[in-house]
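Participant: Just passing along the structure, written as structure tokens.
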Number of protein chains: 2
Amino acid sequence: MQVKIIKIGGKLVEDDAVLNALTERLTAFHPGCVLVHGGGSMAGRLSTALGLEIRMHQGRRITDSSTLEVAVMVYAGLANKKIVAGLQARGADACGLSGCDMGLVVSHKREAGEIDWGFVGDVDTVRTEALALLLENRILPVISPITCSKEGQLLNTNADSVAGAVAIALSSLYETELTFCFDKPGVLLDVNDEQSIIPRIDKHDYRELLARGVLHSGMLPKLENAFKTLEAGVGSVRLTNPENLNGGTVLSL
Amino acid sequence: MQVKIIKIGGKLVEDDAVLNALTERLTAFHPGCVLVHGGGSMAGRLSTALGLEIRMHQGRRITDSSTLEVAVMVYAGLANKKIVAGLQARGADACGLSGCDMGLVVSHKREAGEIDWGFVGDVDTVRTEALALLLENRILPVISPITCSKEGQLLNTNADSVAGAVAIALSSLYETELTFCFDKPGVLLDVNDEQSIIPRIDKHDYRELLARGVLHSGMLPKLENAFKTLEAGVGSVRLTNPENLNGGTVLSL
């Protein structure tokens, strides 16, 4: 079985029409698909509505205990169940999960250094056999990035990292492709020309593109991260927008 | 395998010390246990904090779309994941689910009659084989009463009803006991004497107790409902408090 691990941004969940169109497209990949989602700006809006002080450092949010509760409610609750309900209504047998469920993604609280990020988790292990049990039973896991430490502390975890760790883990059992949906149609030769998608980049091409200096700086961390995932065993990584899940740029070694 | 279906009130989740003690006790029933929980007053508090108007009719809440979102966030999100994290930390392989996940509990929106209850669901079907898949793999399902209609509408559903429907469904495969945790140590002969627990009540005893008029009126709907569940195939129904999960009153036909 080939398994596609698809990371979608949380903001896709905020508009019912967008969510309906997305769940419709996602059913095409079932069975043999795992979704990982974020919570977009819903968490920020809920924090604001609750009058919580939003503490940021270098553009990134600090997760205190109230912010963690909001993240759990929005990611593991509202966003997760809206996606599941949309998929179920379209005949895809989705099961919403967070990292804490069945010990799917065990993490540890990031150590406070110069800055204390609060209840933020970094991934330690993925329980591959629990995901395999669902996939072999034609169930579509929909995973929110709320994880849990061995001690039972819920932790807010980066959804891209969760998707990467899940894809690497599943590569021990299946042929895998990891898709990151973002706001561009792929890796572009010219950032101002959405038609200039580079369809395939291997490691050799990547070095050449880097040497030529044509890649937009905003893409570099994504590409760096994607090649690390490939080195760890994932078959291919696709960067595309949610409208074109079979298109975009495919990265491989 | 004997399966215990245990319904716990949501307010047990609100205090970390209470939750820790409860999850510790619950591990004794794993494997072979399904938990169903409510969300207690957390949902009401969140609604109030968000300035939502709480509309009630005859002491029961009307679930408009904002109230539904709050219920999904609190029940399927925060309450569910706190219970799961507590169980996982104690070695019980819990998996948090809502009725929408794997189509576990399919419901329909209650028709508006004299009063429109809003996004409230009544249970149609339980997908027994999905629960069996988890139980056979030594996974402890922790179910929040957020269900989904065939059309993909999330619905707020009574947790006692969900627990009853799950217990009836599992009775086709397993010997079952359904435990309702509430604030009394069992059915009492004298409502003012917590020592006056009636340990066992069968249908014959029940008729006799009714005829003698000794049962507290507040217990009658619970008992009525319990005997309906027994008639539908559940092996026994236990009414007890969360401190004494092996005690209380056991009802049978």
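Chain identifiers are assigned as A, B, and so on, following the order in which chains appear in the structure tokens; residues are numbered from 1 within each chain, and ligands are numbered from 1 in order of appearance.
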Residues of chain A no more than 8 Å from chain B, counting only C-alpha atoms: send them over as a PDB file with C-alpha atoms, in the first residue's frame.
Facilitator:
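Writing the result to iface.pdb gives the following:
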ATOM      1  CA  ALA A  49     -12.380  36.573  22.665  1.00  0.00           C
ATOM      2  CA  LEU A  50     -11.452  35.181  26.091  1.00  0.00           C
ATOM      3  CA  GLU A  69      -6.312  24.843  26.807  1.00  0.00           C
ATOM      4  CA  VAL A  72      -6.555  21.702  22.761  1.00  0.00           C
ATOM      5  CA  MET A  73     -10.126  22.961  22.366  1.00  0.00           C
ATOM      6  CA  VAL A  74      -9.580  24.341  18.871  1.00  0.00           C
ATOM      7  CA  TYR A  75      -7.157  21.815  17.334  1.00  0.00           C
ATOM      8  CA  ALA A  76      -8.260  18.559  18.998  1.00  0.00           C
ATOM      9  CA  GLY A  77     -11.884  19.687  19.294  1.00  0.00           C
ATOM     10  CA  LEU A  78     -13.457  22.007  16.750  1.00  0.00           C
ATOM     11  CA  LYS A  81     -14.222  17.181  14.375  1.00  0.00           C
ATOM     12  CA  LYS A  82     -15.265  19.548  11.564  1.00  0.00           C
ATOM     13  CA  VAL A  84     -13.953  14.372  10.348  1.00  0.00           C
ATOM     14  CA  ALA A  85     -17.653  15.223   9.942  1.00  0.00           C
ATOM     15  CA  GLY A  86     -16.973  16.572   6.430  1.00  0.00           C
ATOM     16  CA  LEU A  87     -15.106  13.428   5.417  1.00  0.00           C
ATOM     17  CA  GLN A  88     -17.646  11.051   6.975  1.00  0.00           C
ATOM     18  CA  ALA A  89     -20.482  12.795   5.127  1.00  0.00           C
ATOM     19  CA  ASP A  93     -14.218   6.659   7.101  1.00  0.00           C
ATOM     20  CA  ALA A  94     -12.283   9.312   9.034  1.00  0.00           C
ATOM     21  CA  CYS A  95     -11.194   9.010  12.651  1.00  0.00           C
ATOM     22  CA  GLY A  96     -10.108  12.154  14.454  1.00  0.00           C
ATOM     23  CA  LEU A  97      -7.158  11.705  16.773  1.00  0.00           C
ATOM     24  CA  CYS A 100      -2.153  11.707  22.886  1.00  0.00           C
ATOM     25  CA  ASP A 101      -4.662   9.135  21.598  1.00  0.00           C
ATOM     26  CA  MET A 102      -3.230   5.580  21.636  1.00  0.00           C
ATOM     27  CA  GLY A 103       0.099   7.261  22.427  1.00  0.00           C
ATOM     28  CA  ILE A 139      -9.824   4.139   8.354  1.00  0.00           C
ATOM     29  CA  CYS A 148       1.339  14.224  25.208  1.00  0.00           C
ATOM     30  CA  LYS A 150       5.109  10.251  28.946  1.00  0.00           C
ATOM     31  CA  GLU A 151       4.031  11.975  32.170  1.00  0.00           C
ATOM     32  CA  GLY A 152       0.607  12.852  30.729  1.00  0.00           C
ATOM     33  CA  GLN A 153       1.206  16.547  30.021  1.00  0.00           C
ATOM     34  CA  LEU A 154      -0.665  17.746  26.944  1.00  0.00           C
TER      35      LEU A 154
END
Participant: Considering only strand (DSSP E) as DSSP defines it on the backbone, what residues of range 10-253 of chain A qualify? List them as JSON, numbers by chain.
Facilitator: {"A": [33, 34, 35, 36, 37, 56, 57, 60, 61, 94, 95, 96, 97, 98, 105, 106, 107, 108, 109, 120, 121, 122, 123, 124, 125, 126, 140, 141, 142, 143, 144, 146, 147, 148, 154, 155, 156, 157, 175, 176, 177, 178, 179, 180, 181, 200, 201, 236, 237, 238, 239, 240, 249, 250, 251]}
Participant: Residues of range 27-105 of chain B in alpha helix (DSSP H) according to DSSP, as number ranges by chain?
Facilitator: B: 42-49, 65-71, 80-89
Participant: Which one is closest to Val234 in chain A: A:Asp205, A:Glu14, A:Glu129, A:Glu177? Count only C-alpha atoms.
Facilitator: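 Looking at the shortest contact to Val234 in chain A, the residue is A:Glu177.
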Participant: Quick one: residues within 8 Å of Gly247 in chain A, only C-alpha atoms counted, chain neighbours fewer than 3 positions away excluded, as a ChimeraX atom specification?
Facilitator: /A:185-186,199,240,244
Participant: Could the residues in this selection be written to a file with C-alpha atoms, as a short mmCIF file (atom, residue, chain, number, x, y, z; two decimals), in the first residue's frame?
Facilitator:
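File written: out.cif
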data_model
loop_
_atom_site.label_atom_id
_atom_site.label_comp_id
_atom_site.auth_asym_id
_atom_site.auth_seq_id
_atom_site.Cartn_x
_atom_site.Cartn_y
_atom_site.Cartn_z
CA PRO A 185 1.14 26.18 -6.18
CA GLY A 186 4.62 24.69 -5.69
CA PRO A 199 7.61 19.95 -11.16
CA THR A 240 1.49 22.27 -3.38
CA ASN A 244 -4.11 20.91 -6.62
#
Participant: Pick out the closest residue to Val3 in chain A from this set: A:Leu220, A:Leu230, A:Leu170, A:Leu52. Count only C-alpha atoms.
Facilitator: A:Leu170
Participant: Would you tabulate, counting only C-alpha atoms, all residues of range 120-160 of chain A that have an atom at most 12 Å from an atom of range 40-43 of chain A, showing the closest pair of atoms and their distance in Å to one decimal, sorted by chain then ascending number, as a tab-separated table?
Facilitator:
residue	atom	partner	partner_atom	distance
A:Ser144	CA	A:Gly40	CA	11.7
A:Pro145	CA	A:Gly40	CA	11.8
A:Asn156	CA	A:Ala43	CA	11.6
A:Asn158	CA	A:Gly40	CA	11.7
A:Ala159	CA	A:Gly40	CA	10.6
Participant: For the residues in the current selection, export N, CA and C atoms as a PDB file, in the first residue's frame.
Facilitator:
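Okay, this is what ended up in out16.pdb:
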ATOM      1  N   SER A 144      -4.636  15.869  14.925  1.00  0.00           N
ATOM      2  CA  SER A 144      -4.342  17.233  15.377  1.00  0.00           C
ATOM      3  C   SER A 144      -3.024  17.225  16.132  1.00  0.00           C
ATOM      4  N   PRO A 145      -2.301  18.343  16.107  1.00  0.00           N
ATOM      5  CA  PRO A 145      -0.940  18.359  16.667  1.00  0.00           C
ATOM      6  C   PRO A 145      -0.886  18.593  18.170  1.00  0.00           C
ATOM      7  N   ASN A 156       1.355  21.463  22.977  1.00  0.00           N
ATOM      8  CA  ASN A 156       1.077  22.011  21.658  1.00  0.00           C
ATOM      9  C   ASN A 156       2.305  21.789  20.784  1.00  0.00           C
ATOM     10  N   ASN A 158       4.181  21.574  16.770  1.00  0.00           N
ATOM     11  CA  ASN A 158       4.140  22.081  15.401  1.00  0.00           C
ATOM     12  C   ASN A 158       3.566  21.020  14.456  1.00  0.00           C
ATOM     13  N   ALA A 159       2.549  21.405  13.686  1.00  0.00           N
ATOM     14  CA  ALA A 159       1.847  20.434  12.839  1.00  0.00           C
ATOM     15  C   ALA A 159       2.748  19.900  11.723  1.00  0.00           C
TER      16      ALA A 159
END
Participant: Neighbours of Ile201 in chain A within 9 Å (only C-alpha atoms; same-chain residues fewer than 2 positions away dropped), as a PDB file with N, CA and C atoms, in the first residue's frame?
Facilitator:
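Result file is selection.pdb:
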ATOM      1  N   ILE A 198       8.365  24.393 -10.563  1.00  0.00           N
ATOM      2  CA  ILE A 198       9.353  23.361 -10.892  1.00  0.00           C
ATOM      3  C   ILE A 198       8.724  22.023 -10.519  1.00  0.00           C
ATOM      4  N   PRO A 199       8.395  21.160 -11.488  1.00  0.00           N
ATOM      5  CA  PRO A 199       7.613  19.946 -11.164  1.00  0.00           C
ATOM      6  C   PRO A 199       8.359  18.941 -10.302  1.00  0.00           C
ATOM      7  N   LYS A 203      17.935  15.850  -5.208  1.00  0.00           N
ATOM      8  CA  LYS A 203      18.987  16.445  -4.397  1.00  0.00           C
ATOM      9  C   LYS A 203      20.006  17.199  -5.256  1.00  0.00           C
ATOM     10  N   HIS A 204      20.281  16.610  -6.414  1.00  0.00           N
ATOM     11  CA  HIS A 204      21.225  17.229  -7.352  1.00  0.00           C
ATOM     12  C   HIS A 204      20.662  18.570  -7.861  1.00  0.00           C
ATOM     13  N   ASP A 205      19.391  18.545  -8.299  1.00  0.00           N
ATOM     14  CA  ASP A 205      18.733  19.783  -8.764  1.00  0.00           C
ATOM     15  C   ASP A 205      18.748  20.841  -7.660  1.00  0.00           C
ATOM     16  N   TYR A 206      18.484  20.369  -6.445  1.00  0.00           N
ATOM     17  CA  TYR A 206      18.377  21.289  -5.310  1.00  0.00           C
ATOM     18  C   TYR A 206      19.694  22.039  -5.125  1.00  0.00           C
ATOM     19  N   THR A 249       5.162  20.699  -6.644  1.00  0.00           N
ATOM     20  CA  THR A 249       6.550  20.251  -6.803  1.00  0.00           C
ATOM     21  C   THR A 249       6.769  18.974  -5.999  1.00  0.00           C
ATOM     22  N   VAL A 250       7.362  17.978  -6.649  1.00  0.00           N
ATOM     23  CA  VAL A 250       7.686  16.732  -5.936  1.00  0.00           C
ATOM     24  C   VAL A 250       9.186  16.665  -5.709  1.00  0.00           C
ATOM     25  N   LEU A 251       9.547  16.522  -4.438  1.00  0.00           N
ATOM     26  CA  LEU A 251      10.956  16.428  -4.060  1.00  0.00           C
ATOM     27  C   LEU A 251      11.304  14.970  -3.781  1.00  0.00           C
ATOM     28  N   SER A 252      12.498  14.573  -4.224  1.00  0.00           N
ATOM     29  CA  SER A 252      12.991  13.228  -3.912  1.00  0.00           C
ATOM     30  C   SER A 252      14.498  13.269  -3.823  1.00  0.00           C
ATOM     31  N   LEU A 253      15.095  12.200  -3.355  1.00  0.00           N
ATOM     32  CA  LEU A 253      16.559  12.183  -3.185  1.00  0.00           C
ATOM     33  C   LEU A 253      17.250  12.069  -4.547  1.00  0.00           C
TER      34      LEU A 253
END
Participant: Compile the contact shell of Ile6 in chain B as JSON, numbers by chain: residues with an atom at most 7 Å away, counting only C-alpha atoms, same-chain residues fewer than 3 positions apart removed.
Facilitator: {"B": [34, 35, 36, 178, 179, 180]}
Participant: Export N, CA and C atoms of the chosen residues as a compact mmCIF listing (two decimals), in the first residue's frame?
Facilitator:
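Contents of the output file result_36.txt:
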# COMPACT_ATOMS: atom_id res chain seq x y z
N VAL B 34 -14.96 0.72 28.24
CA VAL B 34 -15.26 1.87 27.38
C VAL B 34 -15.74 2.99 28.29
N LEU B 35 -15.14 4.17 28.16
CA LEU B 35 -15.59 5.32 28.95
C LEU B 35 -16.44 6.24 28.09
N VAL B 36 -17.48 6.78 28.68
CA VAL B 36 -18.26 7.84 28.03
C VAL B 36 -18.32 8.99 29.04
N LEU B 178 -23.05 -1.84 32.32
CA LEU B 178 -23.08 -0.38 32.13
C LEU B 178 -23.10 0.28 33.50
N THR B 179 -22.09 1.11 33.78
CA THR B 179 -22.02 1.79 35.06
C THR B 179 -22.31 3.28 34.87
N PHE B 180 -23.28 3.79 35.61
CA PHE B 180 -23.50 5.23 35.63
C PHE B 180 -22.94 5.78 36.94
Participant: Fewer than 3 positions away in the same chain doesn't count, so skip those; otherwise give me all residues within 8 Å of Val166 in chain A, counting only C-alpha atoms, as a list in words.
Facilitator: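 So, after excluding close chain neighbours, the residues are Ile5, Val126, Thr128, Val162, Ala163, Ala169 and Leu170 of chain A.
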Participant: Using the selection just defined, write its residues with C-alpha atoms as a compact mmCIF listing (two decimals), in the first residue's frame.
Facilitator:
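Result written to result20.txt:
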# COMPACT_ATOMS: atom_id res chain seq x y z
CA ILE A 5 0.44 11.86 4.55
CA VAL A 126 5.38 7.81 16.75
CA THR A 128 3.48 3.25 13.91
CA VAL A 162 4.04 15.99 13.52
CA ALA A 163 3.35 15.34 9.81
CA ALA A 169 7.42 6.36 10.97
CA LEU A 170 5.04 5.00 8.32
Participant: Tell me which of B:Leu189, B:Ile143, B:Leu135, B:Val120 sits closest to Val105 in chain B, counting only C-alpha atoms.
Facilitator: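 Answer, going by the shortest atom-to-atom distance: B:Ile143.
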Participant: Can you work out the spacing between CA of Glu243 in chain B and CA of Leu19 in chain B in Å, to one decimal?
Facilitator: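 Taking CA of Glu243 in chain B and CA of Leu19 in chain B, their separation equals 11.3 Å.
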